[in-house]
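Notes to accompany the following structure.
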Amino acid sequence: MSDQAKSVADSSPSAPTPAPQPGSASPASMPSAKAEVAFDIQDLSIFYGKTQAIKNVHLQIPAMSVTAIIGPSGCGKSTALRALNRMHELTPGARHTGKILMKGEDLYGPHVDATVVRRRVGMVFQKSNPFPTLSISENVLVGLRLNGVRDKAFLNQRLEESLRMSALWDEVKDSLNRPGTSLSGGQQQRLCIARALAVRPEILLMDEPCSALDPIATAKVEELIHALKSQYTVVIVTHNMQQAARVSENTAFFYMGSLIEFGPTEQIFMNPKNPQTEAYVSGRFG
Amino acid sequence: MSHHDQYRKLKSTFMSVLAVFCALLVVLPLILVFFYLLKMGFSSLNLNFFTKVPTAAGENGGGMANAIVGTLELMGLALIMGVPLGLLGGIFLSEHGSERTNGWIRFGADVLNGVPSIVWGMACYTLVVVPMGGYSAFAGGLALSFIMVPLVLRTTEEVLVLVPHAYREAGLALGIPHWKITVNIVLRTAFKGIVTGVLLGLGRVAGETAPILFTALGSTSWNHSLKEPIAALPIQIYYYAISPFEDQNRQAWAGALVLIVIVFLLSTSVRMISNRRKRA
Ligand SMILES: Nc1ncnc2c1ncn2[C@@H]1O[C@H](COP(=O)(O)OP(=O)(O)O)[C@@H](O)[C@H]1O
Ligand SMILES: [Mg+2]
């Protein structure tokens with residue numbers, strides 16, 4: 001299975017362009033943003049104790065675009081996503097083999113600080129989780145403040161920018177001092193997106209960000225993802241195939257811990273190469 | 001109404017009456033004690049009682065000003081010495097540490113919680129009073145802080161583990177260092193619960209007599225140094241209650257009344273804090 005997955009991954013749109021050489025990659029020196037690889041995942045396996053959740057995955061996630069991860073529940077989508085900002089390390093008993101290069105740099109290198117990685121790779125969770133003791137503005141700015149940013153004018157500017165980016169500014173600009181938890185579910189999730197964006201990560205990971213939202217709030221978040229991809233690399237896990245089709249350029253289909261197929265979203269949905277992918281996207285299982 | 005319904009109604013009424021009766025039975029001793037203290041002690045609560053130190057035995061007049069201040073001072077010492085250790089221990093249990101070490105620490109704390117308080121007095125007598133060459137406020141405060149540490153540790157841990165894991169993850173995903181999340185997010189979320197635990201601990205040590213009896217010793221004058229003996233309400237009550245002089249007996253009642261009011265105020269603030277938490 002993994003060989004097949006590898007060959008499919010190799011035919012991905014980003015594969016023909018050579019990946020940036022490790023160490024030489026720097027976002028500023030990259031003329032063609034589309035060609036850049038955000039994550040180069042090499043033979044990644046992840047274990048929880050004895051059970052293997054991710055099996056020998058090879059995958060290159062292109063920068064400055066939206067990549068969707070789809071697959072039936074329990075297939076390892078969240079596990080794969082959390083490996084990208086080293087969140088899976090926090091689970092007791094979790095370990096991995098293989099390599100993940102982020103813009104050419106080994107994410108798990110001996111001198112790489114997980115805290116710094118997480119500052120560069122933001123994350124939005126399935127369940128919105130604004131801090132209950134903090135106001136709306138404090139929630140947005142907490143990442144900057146707790147990392148030592150004190151400049152008032154700068155913070156105020158970031159606050160407005162981030163809330164505008166997450167399409168929440170008009171709804172909350174008059175109540176910035178209210179608790180973050182006083183907002184509606186959809187607003188809370190956009191607040192969490194604003195909070196993640198406020199530290200200006202290079203990459204944004206989203207784990208089923210709309211699964212607890214109503215259709216209108218979902219549409220707002222999807223619009224927002226569309227707007228983000230000019231500036232950000234977004235990796236979104238979703239079990240909603242329509243959503244993957246709507247928001248992403250590329251789609252990775254996982255099944256039972258293996259990457260079955262990776263390619264342009266249209267191809268995955270219209271013309272999948274693998275029969276398992278075909279079965280899943282046509283709704284025959286999962 | 002059928003017979004059956006009537007029987008059910010009767011049974012329900014009977015059970016309600018029984019429940020109210022049992023509830024009254026529980027609070028009755030508290031009410032009786034409080035009113036008895038009021039009756040016996042209130043008449044001796046005058047300005048002298050709150051402003052004067054004890055007079056020589058047999059002379060009327062004098063008060064418990066030094067004992068009231070002494071009790072507050074001992075509580076303050078217990079707070080300063082006991083809370084940081086209990087707090088850090090609780091944080092360690094909830095935020096760090098492995099399941100195995102935590103099991104042992106929890107077990108240890110629970111055993112310490114059950115140690116009779118006089119044992120802490122003996123321990124501090126041996127560890128502090130003897131080497132320092134005398135009874136002292138410091139030794140008394142330390143004995144009380146030993147009682148507070150396991151209490152604060154366990155309540156801190158209990159309220160910290162109630163803080164949902166999602167908040168810690170959200171903080172870590174923002175690239176915030178672990179300890180800053182603990183201080184700024186986790187402790188802040190659990191703050192009221194921690195304060196409640198500390199106040200309950202203080203209420204518990206306020207009335208302790210055995211651990212301070214041979215550490216702080218008690219005193220009939222003002223305390224000027226942590227190295228000197230210090231007066232405390234429970235000790236003063238103890239000596240005055242068994243004294244042959246009637247005026248001192250009366251003051252013992254008044255002292256007990258003041259002590260119970262201090263504890264009552266602490267519990268009331270706990271209630272106010274936890275009610276506010278519910279509304280928030
Ligand atoms: N903390 C954990 N401990 C043990 N096993 C886990 C843990 N989290 C996930 N798993 C297992 O790993 C597999 C993949 O889970 P996950 O990545 O959450 O799947 P998905 O997000 O696709 O639903 C599942 O079989 C799940 O039971
Ligand atoms: Mg998941």
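Residues in the structure tokens are numbered from 1 in each chain, the chains being A, B, ... in the order shown, and ligands are numbered from 1 in the order shown.
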
Please list as a JSON list (two decimals) with N, CA and C atoms, in the first residue's frame every residue within 10 Å of B:Gly82, counting only C-alpha atoms and excluding residues in the same chain fewer than 6 positions away.
```json
[["chain", "number", "residue", "atom", "x", "y", "z"],
["B", 75, "MET", "N", -1.84, 32.91, 61.34],
["B", 75, "MET", "CA", -2.49, 32.54, 60.09],
["B", 75, "MET", "C", -1.71, 33.10, 58.90],
["B", 76, "GLY", "N", -1.24, 34.35, 59.06],
["B", 76, "GLY", "CA", -0.45, 34.96, 57.99],
["B", 76, "GLY", "C", 0.83, 34.18, 57.74],
["B", 141, "GLY", "N", 3.89, 29.26, 63.38],
["B", 141, "GLY", "CA", 3.45, 29.44, 62.00],
["B", 141, "GLY", "C", 3.84, 28.25, 61.14],
["B", 142, "LEU", "N", 5.04, 27.74, 61.39],
["B", 142, "LEU", "CA", 5.52, 26.60, 60.60],
["B", 142, "LEU", "C", 4.65, 25.37, 60.86],
["B", 143, "ALA", "N", 4.31, 25.14, 62.13],
["B", 143, "ALA", "CA", 3.47, 23.98, 62.45],
["B", 143, "ALA", "C", 2.13, 24.09, 61.73],
["B", 144, "LEU", "N", 1.56, 25.31, 61.73],
["B", 144, "LEU", "CA", 0.28, 25.49, 61.03],
["B", 144, "LEU", "C", 0.44, 25.33, 59.53],
["B", 145, "SER", "N", 1.59, 25.79, 59.00],
["B", 145, "SER", "CA", 1.78, 25.68, 57.55],
["B", 145, "SER", "C", 1.89, 24.22, 57.13],
["B", 146, "PHE", "N", 2.42, 23.37, 58.02],
["B", 146, "PHE", "CA", 2.48, 21.94, 57.70],
["B", 146, "PHE", "C", 1.08, 21.37, 57.49],
["B", 147, "ILE", "N", 0.13, 21.92, 58.26],
["B", 147, "ILE", "CA", -1.26, 21.45, 58.09],
["B", 147, "ILE", "C", -1.83, 21.96, 56.78],
["B", 148, "MET", "N", -1.43, 23.20, 56.41],
["B", 148, "MET", "CA", -1.99, 23.80, 55.19],
["B", 148, "MET", "C", -1.47, 23.18, 53.91],
["B", 149, "VAL", "N", -0.18, 22.80, 53.89],
["B", 149, "VAL", "CA", 0.43, 22.34, 52.63],
["B", 149, "VAL", "C", -0.37, 21.24, 51.95],
["B", 150, "PRO", "N", -0.63, 20.11, 52.64],
["B", 150, "PRO", "CA", -1.37, 19.06, 51.91],
["B", 150, "PRO", "C", -2.79, 19.47, 51.52],
["B", 151, "LEU", "N", -3.42, 20.31, 52.36],
["B", 151, "LEU", "CA", -4.77, 20.79, 52.02],
["B", 151, "LEU", "C", -4.75, 21.60, 50.73],
["B", 152, "VAL", "N", -3.84, 22.59, 50.70],
["B", 152, "VAL", "CA", -3.76, 23.47, 49.54],
["B", 152, "VAL", "C", -3.32, 22.67, 48.30],
["B", 153, "LEU", "N", -2.39, 21.76, 48.51],
["B", 153, "LEU", "CA", -1.89, 20.94, 47.40],
["B", 153, "LEU", "C", -3.02, 20.17, 46.73],
["B", 198, "VAL", "N", -7.46, 27.87, 49.64],
["B", 198, "VAL", "CA", -6.58, 28.52, 50.61],
["B", 198, "VAL", "C", -7.39, 29.03, 51.80],
["B", 201, "GLY", "N", -8.38, 26.26, 54.02],
["B", 201, "GLY", "CA", -7.21, 25.84, 54.80],
["B", 201, "GLY", "C", -6.97, 26.77, 55.97]]
```

Select the residues contacting ligand 1 at a distance of at most 8 Å, based on only C-alpha atoms and all ligand atoms, then format the selection as a list in words.
->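 Counting only C-alpha atoms and all ligand atoms, the residues within 8 Å of ligand 1 come out as Phe47, Tyr48, Gly49, Thr51, Gln52, Ala53, Ile54, Ile70, Gly71, Pro72, Ser73, Gly74, Cys75, Gly76, Lys77, Ser78, Thr79, Ala80, Leu81, Thr91, Pro92, Gly93, Ala94, Asp207, Val237, Phe254, Met256 and Gly257 of chain A.
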
Let's have the selection written as a short mmCIF file (atom, residue, chain, number, x, y, z; two decimals), in the first residue's frame, with N, CA, C and O atoms.
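Writing the result to again_36.cif gives the following:
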```cif
data_model
loop_
_atom_site.label_atom_id
_atom_site.label_comp_id
_atom_site.auth_asym_id
_atom_site.auth_seq_id
_atom_site.Cartn_x
_atom_site.Cartn_y
_atom_site.Cartn_z
N PHE A 47 3.03 6.34 16.02
CA PHE A 47 2.51 5.28 16.90
C PHE A 47 1.93 5.88 18.17
O PHE A 47 2.47 6.85 18.70
N TYR A 48 0.83 5.29 18.64
CA TYR A 48 0.37 5.55 20.01
C TYR A 48 0.63 4.27 20.77
O TYR A 48 -0.12 3.29 20.59
N GLY A 49 1.65 4.25 21.58
CA GLY A 49 2.03 3.00 22.22
C GLY A 49 2.34 1.98 21.15
O GLY A 49 3.24 2.17 20.34
N THR A 51 -0.07 0.79 18.91
CA THR A 51 -0.88 0.92 17.69
C THR A 51 -0.29 1.97 16.76
O THR A 51 0.14 3.04 17.19
N GLN A 52 -0.29 1.61 15.47
CA GLN A 52 0.28 2.52 14.48
C GLN A 52 -0.85 3.30 13.85
O GLN A 52 -1.75 2.73 13.23
N ALA A 53 -0.82 4.63 13.99
CA ALA A 53 -1.91 5.46 13.47
C ALA A 53 -1.59 5.99 12.07
O ALA A 53 -2.49 6.24 11.29
N ILE A 54 -0.30 6.17 11.77
CA ILE A 54 0.11 6.66 10.44
C ILE A 54 1.18 5.70 9.92
O ILE A 54 2.12 5.35 10.65
N ILE A 70 -8.68 14.26 3.69
CA ILE A 70 -9.98 13.62 3.89
C ILE A 70 -9.79 12.14 4.20
O ILE A 70 -8.69 11.60 4.04
N GLY A 71 -10.86 11.52 4.63
CA GLY A 71 -10.81 10.10 4.96
C GLY A 71 -11.80 9.79 6.05
O GLY A 71 -12.23 10.69 6.77
N PRO A 72 -12.15 8.52 6.19
CA PRO A 72 -13.13 8.15 7.20
C PRO A 72 -12.59 8.41 8.61
O PRO A 72 -11.38 8.49 8.81
N SER A 73 -13.49 8.52 9.55
CA SER A 73 -13.11 8.82 10.92
C SER A 73 -12.18 7.74 11.48
O SER A 73 -12.39 6.55 11.24
N GLY A 74 -11.13 8.17 12.16
CA GLY A 74 -10.18 7.21 12.73
C GLY A 74 -9.06 6.80 11.79
O GLY A 74 -8.24 5.96 12.12
N CYS A 75 -9.00 7.43 10.60
CA CYS A 75 -7.99 7.01 9.62
C CYS A 75 -6.66 7.70 9.86
O CYS A 75 -5.69 7.42 9.16
N GLY A 76 -6.59 8.62 10.82
CA GLY A 76 -5.32 9.25 11.13
C GLY A 76 -5.17 10.67 10.64
O GLY A 76 -4.06 11.22 10.66
N LYS A 77 -6.27 11.31 10.24
CA LYS A 77 -6.19 12.68 9.74
C LYS A 77 -5.63 13.63 10.80
O LYS A 77 -4.68 14.37 10.56
N SER A 78 -6.24 13.59 11.99
CA SER A 78 -5.79 14.50 13.05
C SER A 78 -4.36 14.20 13.45
O SER A 78 -3.56 15.11 13.68
N THR A 79 -4.03 12.93 13.52
CA THR A 79 -2.68 12.54 13.91
C THR A 79 -1.66 13.11 12.93
O THR A 79 -0.65 13.69 13.34
N ALA A 80 -1.95 12.96 11.63
CA ALA A 80 -1.04 13.49 10.62
C ALA A 80 -0.92 15.00 10.75
O ALA A 80 0.18 15.56 10.70
N LEU A 81 -2.05 15.66 10.95
CA LEU A 81 -2.04 17.12 11.03
C LEU A 81 -1.24 17.59 12.24
O LEU A 81 -0.45 18.53 12.16
N THR A 91 0.92 14.08 23.38
CA THR A 91 0.16 12.90 23.78
C THR A 91 1.11 11.89 24.40
O THR A 91 2.07 11.49 23.75
N PRO A 92 0.88 11.51 25.66
CA PRO A 92 1.78 10.54 26.27
C PRO A 92 1.81 9.24 25.47
O PRO A 92 0.76 8.75 25.04
N GLY A 93 2.99 8.72 25.24
CA GLY A 93 3.10 7.45 24.52
C GLY A 93 3.17 7.59 23.01
O GLY A 93 3.35 6.59 22.32
N ALA A 94 3.01 8.82 22.50
CA ALA A 94 3.06 8.99 21.04
C ALA A 94 4.52 9.13 20.58
O ALA A 94 5.32 9.77 21.24
N ASP A 207 -8.21 21.58 12.05
CA ASP A 207 -8.71 20.22 12.24
C ASP A 207 -10.24 20.25 12.32
O ASP A 207 -10.79 20.59 13.36
N VAL A 237 -8.18 19.58 7.72
CA VAL A 237 -8.76 18.23 7.84
C VAL A 237 -10.26 18.38 7.79
O VAL A 237 -10.82 19.27 8.44
N PHE A 254 -6.70 9.72 3.06
CA PHE A 254 -6.11 8.75 3.98
C PHE A 254 -7.10 7.64 4.25
O PHE A 254 -8.31 7.86 4.34
N MET A 256 -7.11 4.16 6.89
CA MET A 256 -6.46 3.28 7.85
C MET A 256 -4.97 3.61 8.05
O MET A 256 -4.13 2.72 8.09
N GLY A 257 -4.68 4.87 8.15
CA GLY A 257 -3.31 5.29 8.45
C GLY A 257 -2.40 5.44 7.25
O GLY A 257 -1.28 5.93 7.39
#
```

At a cut-off of 9 Å, list the chain B residues touching chain A, using only C-alpha atoms, as a CSV table (one decimal) with C-alpha atoms, in the first residue's frame.
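So out_1.csv came out as:
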```csv
chain,number,residue,atom,x,y,z
B,166,ALA,CA,-8.3,22.3,25.2
B,167,TYR,CA,-7.1,25.5,26.7
B,169,GLU,CA,-3.5,22.9,23.8
B,170,ALA,CA,-4.7,26.2,22.4
B,171,GLY,CA,-1.9,28.0,24.2
B,172,LEU,CA,0.8,25.5,23.2
B,173,ALA,CA,-0.4,25.7,19.6
B,174,LEU,CA,0.3,29.5,19.7
B,175,GLY,CA,3.9,28.8,20.6
B,176,ILE,CA,3.5,30.0,24.2
B,177,PRO,CA,6.0,28.3,26.6
B,178,HIS,CA,4.4,25.8,28.9
B,180,LYS,CA,3.5,30.9,30.8
B,181,ILE,CA,0.4,28.9,29.9
B,184,ASN,CA,-1.5,33.0,32.7
B,185,ILE,CA,-4.1,30.6,31.4
B,188,ARG,CA,-6.1,32.3,36.0
B,189,THR,CA,-8.9,30.0,34.9
```

Quick one: residues within 12 Å of B:Met40, only C-alpha atoms counted, chain neighbours fewer than 2 positions away excluded, as a VMD selection string?
-> chain B and resid 32 to 38 42 to 45 246 to 247 249 to 257

Using only C-alpha atoms, which residues sit within 8 Å of stretch 227-231 of chain B once same-chain residues fewer than 6 positions away are excluded, as number ranges by chain?
-> B: 66-68, 70-71, 134-138, 215-221

Go ahead and save the picked residues with all heavy atoms, as a compact mmCIF listing (two decimals), in the first residue's frame.
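The resulting file, out-v5.txt, is reproduced below:
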```txt
# COMPACT_ATOMS: atom_id res chain seq x y z
N ASN B 66 -3.74 41.04 72.12
CA ASN B 66 -2.53 40.38 71.61
C ASN B 66 -2.83 38.99 71.06
O ASN B 66 -2.21 38.55 70.10
CB ASN B 66 -1.45 40.32 72.70
CG ASN B 66 -1.92 39.52 73.91
OD1 ASN B 66 -3.12 39.43 74.17
ND2 ASN B 66 -0.98 38.93 74.63
N ALA B 67 -3.83 38.31 71.66
CA ALA B 67 -4.16 36.96 71.17
C ALA B 67 -4.87 37.03 69.83
O ALA B 67 -4.63 36.20 68.94
CB ALA B 67 -5.03 36.23 72.20
N ILE B 68 -5.74 38.05 69.66
CA ILE B 68 -6.44 38.20 68.37
C ILE B 68 -5.41 38.50 67.28
O ILE B 68 -5.36 37.84 66.23
CB ILE B 68 -7.49 39.33 68.45
CG1 ILE B 68 -8.60 38.94 69.43
CG2 ILE B 68 -8.07 39.61 67.07
CD1 ILE B 68 -9.56 40.07 69.76
N GLY B 70 -2.28 37.92 67.44
CA GLY B 70 -1.39 36.76 67.34
C GLY B 70 -1.97 35.68 66.45
O GLY B 70 -1.27 35.11 65.60
N THR B 71 -3.27 35.41 66.61
CA THR B 71 -3.90 34.40 65.76
C THR B 71 -3.83 34.81 64.29
O THR B 71 -3.50 34.00 63.41
CB THR B 71 -5.37 34.18 66.20
OG1 THR B 71 -5.36 33.32 67.33
CG2 THR B 71 -6.18 33.52 65.12
N GLY B 134 14.12 28.01 71.97
CA GLY B 134 12.95 28.60 72.61
C GLY B 134 11.72 28.57 71.74
O GLY B 134 11.81 28.38 70.53
N TYR B 135 10.56 28.78 72.40
CA TYR B 135 9.30 28.84 71.65
C TYR B 135 9.27 30.10 70.82
O TYR B 135 9.84 31.12 71.21
CB TYR B 135 8.12 28.83 72.64
CG TYR B 135 8.12 27.62 73.53
CD1 TYR B 135 8.59 27.69 74.84
CD2 TYR B 135 7.65 26.41 73.04
CE1 TYR B 135 8.59 26.59 75.66
CE2 TYR B 135 7.66 25.28 73.85
CZ TYR B 135 8.13 25.38 75.17
OH TYR B 135 8.12 24.28 75.95
N SER B 136 8.58 30.04 69.67
CA SER B 136 8.58 31.23 68.82
C SER B 136 7.36 31.26 67.91
O SER B 136 6.75 30.22 67.60
CB SER B 136 9.85 31.25 67.97
OG SER B 136 9.85 30.16 67.06
N ALA B 137 7.03 32.47 67.49
CA ALA B 137 5.95 32.66 66.53
C ALA B 137 6.27 31.90 65.25
O ALA B 137 5.39 31.29 64.62
CB ALA B 137 5.77 34.15 66.22
N PHE B 138 7.55 31.93 64.86
CA PHE B 138 7.96 31.24 63.65
C PHE B 138 7.63 29.75 63.72
O PHE B 138 7.06 29.18 62.79
CB PHE B 138 9.47 31.44 63.43
CG PHE B 138 10.03 30.59 62.33
CD1 PHE B 138 9.75 30.89 61.01
CD2 PHE B 138 10.81 29.48 62.62
CE1 PHE B 138 10.25 30.10 59.99
CE2 PHE B 138 11.31 28.68 61.61
CZ PHE B 138 11.03 28.99 60.29
N THR B 215 4.73 25.17 70.42
CA THR B 215 5.62 25.82 69.44
C THR B 215 5.55 27.33 69.63
O THR B 215 6.54 27.98 69.89
CB THR B 215 5.22 25.45 68.00
OG1 THR B 215 3.82 25.67 67.83
CG2 THR B 215 5.56 24.01 67.70
N ALA B 216 4.31 27.89 69.53
CA ALA B 216 4.15 29.32 69.75
C ALA B 216 4.03 29.64 71.24
O ALA B 216 4.29 30.75 71.67
CB ALA B 216 2.91 29.82 69.01
N LEU B 217 3.60 28.64 72.00
CA LEU B 217 3.47 28.67 73.46
C LEU B 217 2.33 29.52 73.98
O LEU B 217 1.61 29.11 74.88
CB LEU B 217 4.78 29.15 74.12
CG LEU B 217 4.80 29.06 75.65
CD1 LEU B 217 4.78 27.61 76.09
CD2 LEU B 217 6.01 29.79 76.22
N GLY B 218 2.14 30.72 73.43
CA GLY B 218 1.17 31.65 74.00
C GLY B 218 1.93 32.69 74.81
O GLY B 218 3.11 32.49 75.14
N SER B 219 1.26 33.81 75.10
CA SER B 219 1.96 34.90 75.76
C SER B 219 0.93 35.84 76.34
O SER B 219 -0.21 35.91 75.87
CB SER B 219 2.85 35.61 74.74
OG SER B 219 3.15 36.90 75.17
N THR B 220 1.31 36.58 77.37
CA THR B 220 0.37 37.55 77.93
C THR B 220 0.72 38.97 77.50
O THR B 220 0.13 39.92 77.99
CB THR B 220 0.37 37.48 79.47
OG1 THR B 220 1.71 37.58 79.92
CG2 THR B 220 -0.25 36.17 79.96
N SER B 221 1.71 39.09 76.63
CA SER B 221 2.06 40.45 76.18
C SER B 221 2.19 40.47 74.66
O SER B 221 2.03 39.45 74.00
CB SER B 221 3.37 40.89 76.83
OG SER B 221 4.35 39.92 76.56
```

Quick one: of A:His239, A:His88, A:Arg95, A:His58, who's nearest to ligand 2, counting only C-alpha atoms and all ligand atoms?
->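 Using only C-alpha atoms and all ligand atoms, the shortest distance to ligand 2 belongs to A:His239.
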
Give the alpha helix (DSSP H) residues of stretch 84-237 of chain A, as assigned by DSSP on the backbone, as a ChimeraX atom specification.
-> /A:114-120,136-145,152-165,169-172,185-198,215-228

Extract, using only C-alpha atoms, all DNA, RNA and protein residues at most 12 Å from B:Arg271, discarding same-chain residues fewer than 3 positions from it, and format them as an mmCIF file with N, CA and C atoms, in the first residue's frame.
```cif
data_model
loop_
_atom_site.group_PDB
_atom_site.id
_atom_site.type_symbol
_atom_site.label_atom_id
_atom_site.label_comp_id
_atom_site.auth_asym_id
_atom_site.auth_seq_id
_atom_site.Cartn_x
_atom_site.Cartn_y
_atom_site.Cartn_z
ATOM 1 N N LYS B 192 -10.304 31.244 41.262
ATOM 2 C CA LYS B 192 -11.276 31.291 42.360
ATOM 3 C C LYS B 192 -11.265 29.990 43.156
ATOM 4 N N GLY B 193 -11.120 28.893 42.458
ATOM 5 C CA GLY B 193 -11.073 27.606 43.147
ATOM 6 C C GLY B 193 -9.872 27.516 44.065
ATOM 7 N N VAL B 195 -8.244 30.101 45.479
ATOM 8 C CA VAL B 195 -8.473 30.990 46.621
ATOM 9 C C VAL B 195 -9.413 30.318 47.619
ATOM 10 N N THR B 196 -10.440 29.660 47.104
ATOM 11 C CA THR B 196 -11.368 28.947 47.977
ATOM 12 C C THR B 196 -10.631 27.908 48.816
ATOM 13 N N GLY B 197 -9.740 27.146 48.164
ATOM 14 C CA GLY B 197 -8.977 26.132 48.880
ATOM 15 C C GLY B 197 -8.104 26.745 49.961
ATOM 16 N N LEU B 199 -8.541 29.636 51.529
ATOM 17 C CA LEU B 199 -9.365 30.165 52.626
ATOM 18 C C LEU B 199 -9.879 29.042 53.524
ATOM 19 N N LEU B 200 -10.277 27.940 52.895
ATOM 20 C CA LEU B 200 -10.729 26.805 53.704
ATOM 21 C C LEU B 200 -9.587 26.302 54.584
ATOM 22 N N PHE B 264 -16.154 31.916 60.727
ATOM 23 C CA PHE B 264 -17.403 32.155 60.003
ATOM 24 C C PHE B 264 -17.168 33.123 58.839
ATOM 25 N N LEU B 265 -16.398 34.188 59.095
ATOM 26 C CA LEU B 265 -16.122 35.154 58.031
ATOM 27 C C LEU B 265 -15.362 34.495 56.884
ATOM 28 N N LEU B 266 -14.396 33.629 57.246
ATOM 29 C CA LEU B 266 -13.636 32.938 56.192
ATOM 30 C C LEU B 266 -14.569 32.073 55.344
ATOM 31 N N SER B 267 -15.453 31.305 56.004
ATOM 32 C CA SER B 267 -16.348 30.439 55.217
ATOM 33 C C SER B 267 -17.314 31.258 54.377
ATOM 34 N N THR B 268 -17.746 32.412 54.936
ATOM 35 C CA THR B 268 -18.662 33.244 54.155
ATOM 36 C C THR B 268 -17.985 33.759 52.895
ATOM 37 N N SER B 274 -17.443 31.278 45.618
ATOM 38 C CA SER B 274 -17.902 30.182 44.765
ATOM 39 C C SER B 274 -19.261 30.498 44.134
ATOM 40 N N ASN B 275 -20.077 31.333 44.798
ATOM 41 C CA ASN B 275 -21.320 31.751 44.150
ATOM 42 C C ASN B 275 -21.033 32.603 42.926
ATOM 43 N N ARG B 276 -20.049 33.495 43.067
ATOM 44 C CA ARG B 276 -19.700 34.343 41.934
ATOM 45 C C ARG B 276 -19.194 33.493 40.782
ATOM 46 N N ARG B 277 -18.477 32.403 41.132
ATOM 47 C CA ARG B 277 -17.961 31.533 40.089
ATOM 48 C C ARG B 277 -19.113 30.898 39.306
ATOM 49 N N LYS B 278 -20.158 30.513 40.034
ATOM 50 C CA LYS B 278 -21.277 29.875 39.354
ATOM 51 C C LYS B 278 -21.923 30.827 38.372
#
```

Who sits within 8 Å of stretch 276-285 of chain A, only C-alpha atoms, same chain under 4 positions skipped, as a ChimeraX atom specification | /A:71,241,253,260-261,268-269,271-272

Could you save those same residues with all heavy atoms as a compact mmCIF listing (two decimals), in the first residue's frame?
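Contents of selection-v2.txt, as written:
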```
# COMPACT_ATOMS: atom_id res chain seq x y z
N GLY A 71 -10.86 11.52 4.63
CA GLY A 71 -10.81 10.10 4.96
C GLY A 71 -11.80 9.79 6.05
O GLY A 71 -12.23 10.69 6.77
N MET A 241 -16.74 16.05 2.39
CA MET A 241 -16.08 16.05 1.08
C MET A 241 -16.44 17.26 0.25
O MET A 241 -15.63 17.78 -0.49
CB MET A 241 -16.41 14.76 0.35
CG MET A 241 -15.59 13.62 0.90
SD MET A 241 -15.92 12.12 0.06
CE MET A 241 -17.40 11.58 0.85
N PHE A 253 -6.09 11.77 0.41
CA PHE A 253 -7.07 10.82 0.96
C PHE A 253 -6.34 9.78 1.79
O PHE A 253 -5.45 9.08 1.30
CB PHE A 253 -7.85 10.16 -0.18
CG PHE A 253 -8.71 9.01 0.29
CD1 PHE A 253 -9.68 9.20 1.28
CD2 PHE A 253 -8.54 7.74 -0.24
CE1 PHE A 253 -10.46 8.15 1.72
CE2 PHE A 253 -9.32 6.68 0.20
CZ PHE A 253 -10.28 6.88 1.19
N ILE A 260 -3.61 7.12 0.62
CA ILE A 260 -4.02 6.34 -0.54
C ILE A 260 -3.78 7.12 -1.82
O ILE A 260 -3.27 6.59 -2.81
CB ILE A 260 -5.51 5.96 -0.44
CG1 ILE A 260 -5.80 5.25 0.88
CG2 ILE A 260 -5.94 5.11 -1.62
CD1 ILE A 260 -5.07 3.95 1.06
N GLU A 261 -4.14 8.38 -1.80
CA GLU A 261 -3.99 9.16 -3.03
C GLU A 261 -3.84 10.63 -2.68
O GLU A 261 -4.48 11.14 -1.76
CB GLU A 261 -5.21 8.94 -3.94
CG GLU A 261 -5.03 9.56 -5.31
CD GLU A 261 -6.04 9.04 -6.34
OE1 GLU A 261 -6.76 8.06 -6.01
OE2 GLU A 261 -6.09 9.58 -7.44
N ILE A 268 -8.96 14.21 -7.65
CA ILE A 268 -9.35 13.27 -6.61
C ILE A 268 -10.85 13.03 -6.64
O ILE A 268 -11.32 11.91 -6.45
CB ILE A 268 -8.93 13.81 -5.21
CG1 ILE A 268 -7.41 13.91 -5.11
CG2 ILE A 268 -9.50 12.96 -4.08
CD1 ILE A 268 -6.69 12.61 -4.99
N PHE A 269 -11.61 14.08 -6.91
CA PHE A 269 -13.06 13.91 -6.86
C PHE A 269 -13.67 13.46 -8.18
O PHE A 269 -14.64 12.72 -8.21
CB PHE A 269 -13.73 15.21 -6.39
CG PHE A 269 -13.60 15.42 -4.91
CD1 PHE A 269 -12.60 16.25 -4.41
CD2 PHE A 269 -14.43 14.76 -4.03
CE1 PHE A 269 -12.45 16.42 -3.05
CE2 PHE A 269 -14.28 14.93 -2.67
CZ PHE A 269 -13.29 15.75 -2.17
N ASN A 271 -11.78 12.18 -10.99
CA ASN A 271 -11.09 11.14 -11.74
C ASN A 271 -10.02 10.46 -10.89
O ASN A 271 -8.84 10.46 -11.23
CB ASN A 271 -10.45 11.82 -12.97
CG ASN A 271 -9.92 10.79 -13.94
OD1 ASN A 271 -10.30 9.62 -13.88
ND2 ASN A 271 -9.01 11.22 -14.80
N PRO A 272 -10.44 9.89 -9.77
CA PRO A 272 -9.44 9.30 -8.87
C PRO A 272 -8.75 8.09 -9.52
O PRO A 272 -9.37 7.36 -10.28
CB PRO A 272 -10.26 8.89 -7.65
CG PRO A 272 -11.66 8.78 -8.13
CD PRO A 272 -11.82 9.73 -9.25
```

Running DSSP on the backbone, which parts of stretch 34-259 of chain A land in strand (DSSP E), as a ChimeraX atom specification?
-> /A:37-48,51-62,66-70,94-102,105-106,121-124,203-207,233-237,250-255,258-259

Choose the residue, out of B:Ala57, B:Ala78, B:Val26, B:Ala19, that has the smallest atom-to-atom separation from B:Gln248; count only C-alpha atoms.
->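 The closest residue to B:Gln248 is B:Ala57.
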